[in-house]
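Colleague: Dropping a structure here in structure tokens format, bear with me for questions.
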Amino acid sequence: ESKFLVINEEDFQALENLSRLDSYALSEAKIQLNEDLFFDTAELNIMASGYYLRVRKAYGEDGSWITIKSLGGFEDGTHRREEFVSFLPEENSVLECPDFRIRDMILELTEGFDLFPVLSLKQKRVIRQVKMGKKIIAEIYLDRVNLKSEGKEKHYNEFEVELKSEGSSEDLETIRSFLLKHYNLVENPFSKFERAFLFKENLPEKPFL
């Protein structure tokens, strides 16, 4: 995937109203309101192992989605990260995830220590599929992100292109080059978790690992 910070409101509005992306067609937009909770131990064992654990709740939907992702992985404008995702029923805790691989990873990464919510954020997301004929090449996400931590608040806008199985690295590079040429965007080397953690800890935005 490729991630960009959207600097100007004019560019945000233009990206929100896209009907095509270079030679690729776009599906109708879907609006999603998300709240993300990130969990770790008191000693941040998961992060120390190079991962983060997220539970995402979309407003109006039953249940949540639990994700484990690796940190870092940004090179030459592209994020390449391990990612494990599972649906989490409404009544289940993180440790009751139906996917045994994720349960086992959590137990291994936490070394048996209790989990606590360490960060949270909210975002309004516009989602579209990127198509070439009948092939779904990628999904694009246009996000308004709201971070809050200990009386501080930060807002920023982000545009993300996530490659799907029918897309290629050449497709991603074509889309990335088109976006950088036509919009005032800044390549974003951080995940939302990494940016939120740096904000919470008052740390400069430099390579996370």
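Ligands are numbered from 1 in the order shown, chains are lettered A, B, ... in the order of the structure tokens, and residues start at 1 in each chain.
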If you run DSSP on the backbone here, which positions in region 4-144 of chain A get helix (DSSP H, G or I)? Please write them as a list in words.
Modeller: Glu9, Glu10, Asp11, Phe12, Gln13, Ala14, Leu15, Glu16, Asn45, Ile46, Met47, Ala48, Val94, Leu95, Glu96, Phe100, Arg101, Ile102, Arg103, Asp104, Met105, Ile106, Leu107, Glu108, Leu109 and Thr110 of chain A
Colleague: Quick one: pick out all strand (DSSP E or B) residues within region 106-205 of chain A from a backbone DSSP run and write them as a PyMOL selection string.
Modeller: chain A and resi 116-132+135-149+152-163+185-187
Colleague: Take the residues from that selection and write them out as a tab-separated table (two decimals), in the first residue's frame, keeping N, CA and C atoms.
Modeller:
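Writing done, so here's out.tsv:
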chain	number	residue	atom	x	y	z
A	116	PHE	N	-4.04	-3.88	27.74
A	116	PHE	CA	-4.73	-2.64	28.06
A	116	PHE	C	-4.86	-1.80	26.79
A	117	PRO	N	-5.91	-0.97	26.67
A	117	PRO	CA	-5.96	-0.01	25.56
A	117	PRO	C	-4.91	1.07	25.77
A	118	VAL	N	-4.02	1.27	24.80
A	118	VAL	CA	-2.95	2.25	24.93
A	118	VAL	C	-3.15	3.48	24.05
A	119	LEU	N	-3.94	3.35	22.99
A	119	LEU	CA	-4.19	4.46	22.07
A	119	LEU	C	-5.58	4.29	21.47
A	120	SER	N	-6.17	5.40	21.04
A	120	SER	CA	-7.42	5.34	20.30
A	120	SER	C	-7.45	6.48	19.29
A	121	LEU	N	-8.20	6.29	18.24
A	121	LEU	CA	-8.42	7.36	17.26
A	121	LEU	C	-9.75	7.13	16.58
A	122	LYS	N	-10.28	8.21	16.00
A	122	LYS	CA	-11.50	8.14	15.22
A	122	LYS	C	-11.21	8.65	13.81
A	123	GLN	N	-11.93	8.10	12.85
A	123	GLN	CA	-11.74	8.58	11.49
A	123	GLN	C	-13.03	8.44	10.69
A	124	LYS	N	-13.21	9.40	9.79
A	124	LYS	CA	-14.26	9.30	8.78
A	124	LYS	C	-13.59	8.88	7.49
A	125	ARG	N	-14.04	7.78	6.92
A	125	ARG	CA	-13.35	7.17	5.77
A	125	ARG	C	-14.27	7.09	4.56
A	126	VAL	N	-13.73	7.53	3.41
A	126	VAL	CA	-14.40	7.35	2.12
A	126	VAL	C	-13.67	6.22	1.40
A	127	ILE	N	-14.43	5.18	1.03
A	127	ILE	CA	-13.83	3.96	0.45
A	127	ILE	C	-14.31	3.79	-0.99
A	128	ARG	N	-13.37	3.51	-1.90
A	128	ARG	CA	-13.72	3.17	-3.28
A	128	ARG	C	-12.84	2.03	-3.76
A	129	GLN	N	-13.39	1.23	-4.65
A	129	GLN	CA	-12.60	0.21	-5.34
A	129	GLN	C	-12.01	0.80	-6.62
A	130	VAL	N	-10.79	0.40	-6.93
A	130	VAL	CA	-10.10	0.81	-8.15
A	130	VAL	C	-10.16	-0.37	-9.12
A	131	LYS	N	-10.72	-0.15	-10.31
A	131	LYS	CA	-10.98	-1.26	-11.23
A	131	LYS	C	-10.33	-1.04	-12.59
A	132	MET	N	-9.96	-2.15	-13.20
A	132	MET	CA	-9.54	-2.18	-14.60
A	132	MET	C	-10.38	-3.27	-15.26
A	135	LYS	N	-11.56	-6.43	-13.13
A	135	LYS	CA	-10.58	-6.69	-12.08
A	135	LYS	C	-10.60	-5.60	-11.01
A	136	ILE	N	-10.57	-6.03	-9.75
A	136	ILE	CA	-10.43	-5.08	-8.64
A	136	ILE	C	-8.93	-4.96	-8.34
A	137	ILE	N	-8.35	-3.85	-8.73
A	137	ILE	CA	-6.91	-3.64	-8.64
A	137	ILE	C	-6.50	-3.24	-7.22
A	138	ALA	N	-7.30	-2.36	-6.62
A	138	ALA	CA	-6.92	-1.81	-5.31
A	138	ALA	C	-8.17	-1.23	-4.65
A	139	GLU	N	-8.01	-0.82	-3.41
A	139	GLU	CA	-9.00	0.01	-2.75
A	139	GLU	C	-8.32	1.30	-2.33
A	140	ILE	N	-9.07	2.40	-2.41
A	140	ILE	CA	-8.53	3.68	-1.94
A	140	ILE	C	-9.36	4.16	-0.75
A	141	TYR	N	-8.67	4.80	0.18
A	141	TYR	CA	-9.30	5.28	1.41
A	141	TYR	C	-8.91	6.74	1.61
A	142	LEU	N	-9.90	7.59	1.74
A	142	LEU	CA	-9.67	9.00	2.03
A	142	LEU	C	-10.17	9.26	3.45
A	143	ASP	N	-9.26	9.60	4.35
A	143	ASP	CA	-9.57	9.62	5.78
A	143	ASP	C	-9.39	11.01	6.39
A	144	ARG	N	-10.36	11.39	7.23
A	144	ARG	CA	-10.18	12.50	8.17
A	144	ARG	C	-9.94	11.86	9.54
A	145	VAL	N	-8.76	12.07	10.10
A	145	VAL	CA	-8.33	11.38	11.31
A	145	VAL	C	-8.32	12.35	12.48
A	146	ASN	N	-8.82	11.88	13.61
A	146	ASN	CA	-8.87	12.68	14.84
A	146	ASN	C	-8.16	11.93	15.95
A	147	LEU	N	-7.04	12.50	16.43
A	147	LEU	CA	-6.28	11.92	17.54
A	147	LEU	C	-6.52	12.75	18.80
A	148	LYS	N	-6.72	12.06	19.92
A	148	LYS	CA	-6.81	12.74	21.21
A	148	LYS	C	-5.94	11.99	22.21
A	149	SER	N	-5.18	12.74	23.01
A	149	SER	CA	-4.33	12.13	24.02
A	149	SER	C	-4.02	13.13	25.12
A	152	LYS	N	-4.58	16.72	24.59
A	152	LYS	CA	-4.10	17.20	23.29
A	152	LYS	C	-5.00	16.64	22.19
A	153	GLU	N	-5.05	17.35	21.08
A	153	GLU	CA	-5.85	16.89	19.95
A	153	GLU	C	-5.13	17.22	18.66
A	154	LYS	N	-5.24	16.31	17.70
A	154	LYS	CA	-4.59	16.51	16.40
A	154	LYS	C	-5.51	15.98	15.31
A	155	HIS	N	-5.65	16.75	14.23
A	155	HIS	CA	-6.44	16.34	13.07
A	155	HIS	C	-5.51	16.31	11.85
A	156	TYR	N	-5.67	15.30	11.03
A	156	TYR	CA	-4.95	15.29	9.76
A	156	TYR	C	-5.74	14.47	8.75
A	157	ASN	N	-5.42	14.66	7.47
A	157	ASN	CA	-6.09	13.96	6.38
A	157	ASN	C	-5.10	13.05	5.67
A	158	GLU	N	-5.60	11.87	5.31
A	158	GLU	CA	-4.71	10.87	4.71
A	158	GLU	C	-5.42	10.20	3.53
A	159	PHE	N	-4.62	9.88	2.52
A	159	PHE	CA	-5.12	9.13	1.35
A	159	PHE	C	-4.28	7.87	1.22
A	160	GLU	N	-4.96	6.73	1.08
A	160	GLU	CA	-4.25	5.45	1.06
A	160	GLU	C	-4.70	4.62	-0.13
A	161	VAL	N	-3.75	3.96	-0.76
A	161	VAL	CA	-4.03	3.03	-1.85
A	161	VAL	C	-3.54	1.66	-1.42
A	162	GLU	N	-4.46	0.71	-1.30
A	162	GLU	CA	-4.11	-0.64	-0.85
A	162	GLU	C	-4.32	-1.62	-2.00
A	163	LEU	N	-3.24	-2.25	-2.42
A	163	LEU	CA	-3.28	-3.19	-3.55
A	163	LEU	C	-4.07	-4.43	-3.17
A	185	LEU	N	0.44	16.20	-2.36
A	185	LEU	CA	0.47	15.15	-1.36
A	185	LEU	C	1.90	14.93	-0.85
A	186	VAL	N	2.00	14.44	0.37
A	186	VAL	CA	3.30	14.11	0.97
A	186	VAL	C	3.28	12.63	1.32
A	187	GLU	N	4.26	11.89	0.84
A	187	GLU	CA	4.32	10.47	1.17
A	187	GLU	C	4.43	10.28	2.68
Colleague: Which is closer to Thr41 (chain A) than all the others in A:Glu194, A:Glu9, A:Asp114, A:Asp171, using only C-alpha atoms?
Modeller: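 So, comparing all the options, the nearest one is A:Asp114.
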Colleague: Do a neighbour search on Gly133 (chain A) at 12 Å with only C-alpha atoms, toss out local chain neighbours closer than 5 positions, and write the hits as number ranges by chain.
Modeller: A: 23-27, 166-167
Colleague: Please dump the current selection as an mmCIF file, in the first residue's frame; keep all heavy atoms.
Modeller:
data_model
loop_
_atom_site.group_PDB
_atom_site.id
_atom_site.type_symbol
_atom_site.label_atom_id
_atom_site.label_comp_id
_atom_site.auth_asym_id
_atom_site.auth_seq_id
_atom_site.Cartn_x
_atom_site.Cartn_y
_atom_site.Cartn_z
ATOM 1 N N SER A 23 -5.971 5.766 -15.652
ATOM 2 C CA SER A 23 -6.767 4.942 -16.571
ATOM 3 C C SER A 23 -7.681 3.961 -15.840
ATOM 4 O O SER A 23 -8.325 3.112 -16.472
ATOM 5 C CB SER A 23 -5.832 4.159 -17.501
ATOM 6 O OG SER A 23 -4.947 3.356 -16.739
ATOM 7 N N TYR A 24 -7.753 4.075 -14.523
ATOM 8 C CA TYR A 24 -8.538 3.141 -13.716
ATOM 9 C C TYR A 24 -9.906 3.733 -13.381
ATOM 10 O O TYR A 24 -10.033 4.927 -13.076
ATOM 11 C CB TYR A 24 -7.807 2.802 -12.415
ATOM 12 C CG TYR A 24 -6.448 2.207 -12.626
ATOM 13 C CD1 TYR A 24 -5.316 3.020 -12.674
ATOM 14 C CD2 TYR A 24 -6.271 0.829 -12.783
ATOM 15 C CE1 TYR A 24 -4.053 2.476 -12.868
ATOM 16 C CE2 TYR A 24 -5.015 0.278 -12.974
ATOM 17 C CZ TYR A 24 -3.908 1.112 -13.024
ATOM 18 O OH TYR A 24 -2.659 0.575 -13.218
ATOM 19 N N ALA A 25 -10.932 2.889 -13.397
ATOM 20 C CA ALA A 25 -12.273 3.299 -13.008
ATOM 21 C C ALA A 25 -12.428 3.168 -11.498
ATOM 22 O O ALA A 25 -11.722 2.387 -10.850
ATOM 23 C CB ALA A 25 -13.309 2.434 -13.717
ATOM 24 N N LEU A 26 -13.359 3.933 -10.934
ATOM 25 C CA LEU A 26 -13.619 3.897 -9.495
ATOM 26 C C LEU A 26 -15.073 3.533 -9.236
ATOM 27 O O LEU A 26 -15.974 3.957 -9.963
ATOM 28 C CB LEU A 26 -13.317 5.258 -8.861
ATOM 29 C CG LEU A 26 -11.877 5.767 -8.950
ATOM 30 C CD1 LEU A 26 -11.770 7.141 -8.297
ATOM 31 C CD2 LEU A 26 -10.904 4.790 -8.311
ATOM 32 N N SER A 27 -15.298 2.767 -8.196
ATOM 33 C CA SER A 27 -16.658 2.426 -7.786
ATOM 34 C C SER A 27 -17.294 3.603 -7.057
ATOM 35 O O SER A 27 -16.634 4.604 -6.744
ATOM 36 C CB SER A 27 -16.638 1.200 -6.866
ATOM 37 O OG SER A 27 -16.027 1.540 -5.618
ATOM 38 N N GLU A 166 -5.738 -8.903 -7.383
ATOM 39 C CA GLU A 166 -5.732 -8.808 -8.843
ATOM 40 C C GLU A 166 -4.863 -7.661 -9.355
ATOM 41 O O GLU A 166 -4.705 -7.501 -10.570
ATOM 42 C CB GLU A 166 -7.160 -8.648 -9.357
ATOM 43 C CG GLU A 166 -8.039 -9.873 -9.119
ATOM 44 C CD GLU A 166 -9.443 -9.708 -9.672
ATOM 45 O OE1 GLU A 166 -10.187 -8.848 -9.177
ATOM 46 O OE2 GLU A 166 -9.791 -10.455 -10.617
ATOM 47 N N GLY A 167 -4.315 -6.867 -8.450
ATOM 48 C CA GLY A 167 -3.425 -5.779 -8.842
ATOM 49 C C GLY A 167 -1.972 -6.180 -8.747
ATOM 50 O O GLY A 167 -1.617 -7.189 -8.133
#
Colleague: Could you give me, as number ranges by chain, the residues within 7 Å of region 73-77 of chain A, counting only C-alpha atoms and dropping anything in the same chain fewer than 4 positions from it?
Modeller: A: 2, 81, 187, 189
Colleague: Using Å and a single decimal, report how far CA of Leu172 (chain A) sits from CA of Ser70 (chain A).
Modeller: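 Spanning CA of Ser70 (chain A) to CA of Leu172 (chain A) is a straight-line distance of 20.4 Å.
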Colleague: Go through A:Leu203, A:Leu71, A:Leu15, A:Val85 and flag the residue nearest Cys97 (chain A), using only C-alpha atoms for the distances.
Modeller: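 When distances to Cys97 (chain A) are compared using only C-alpha atoms, the smallest one comes from A:Val85.
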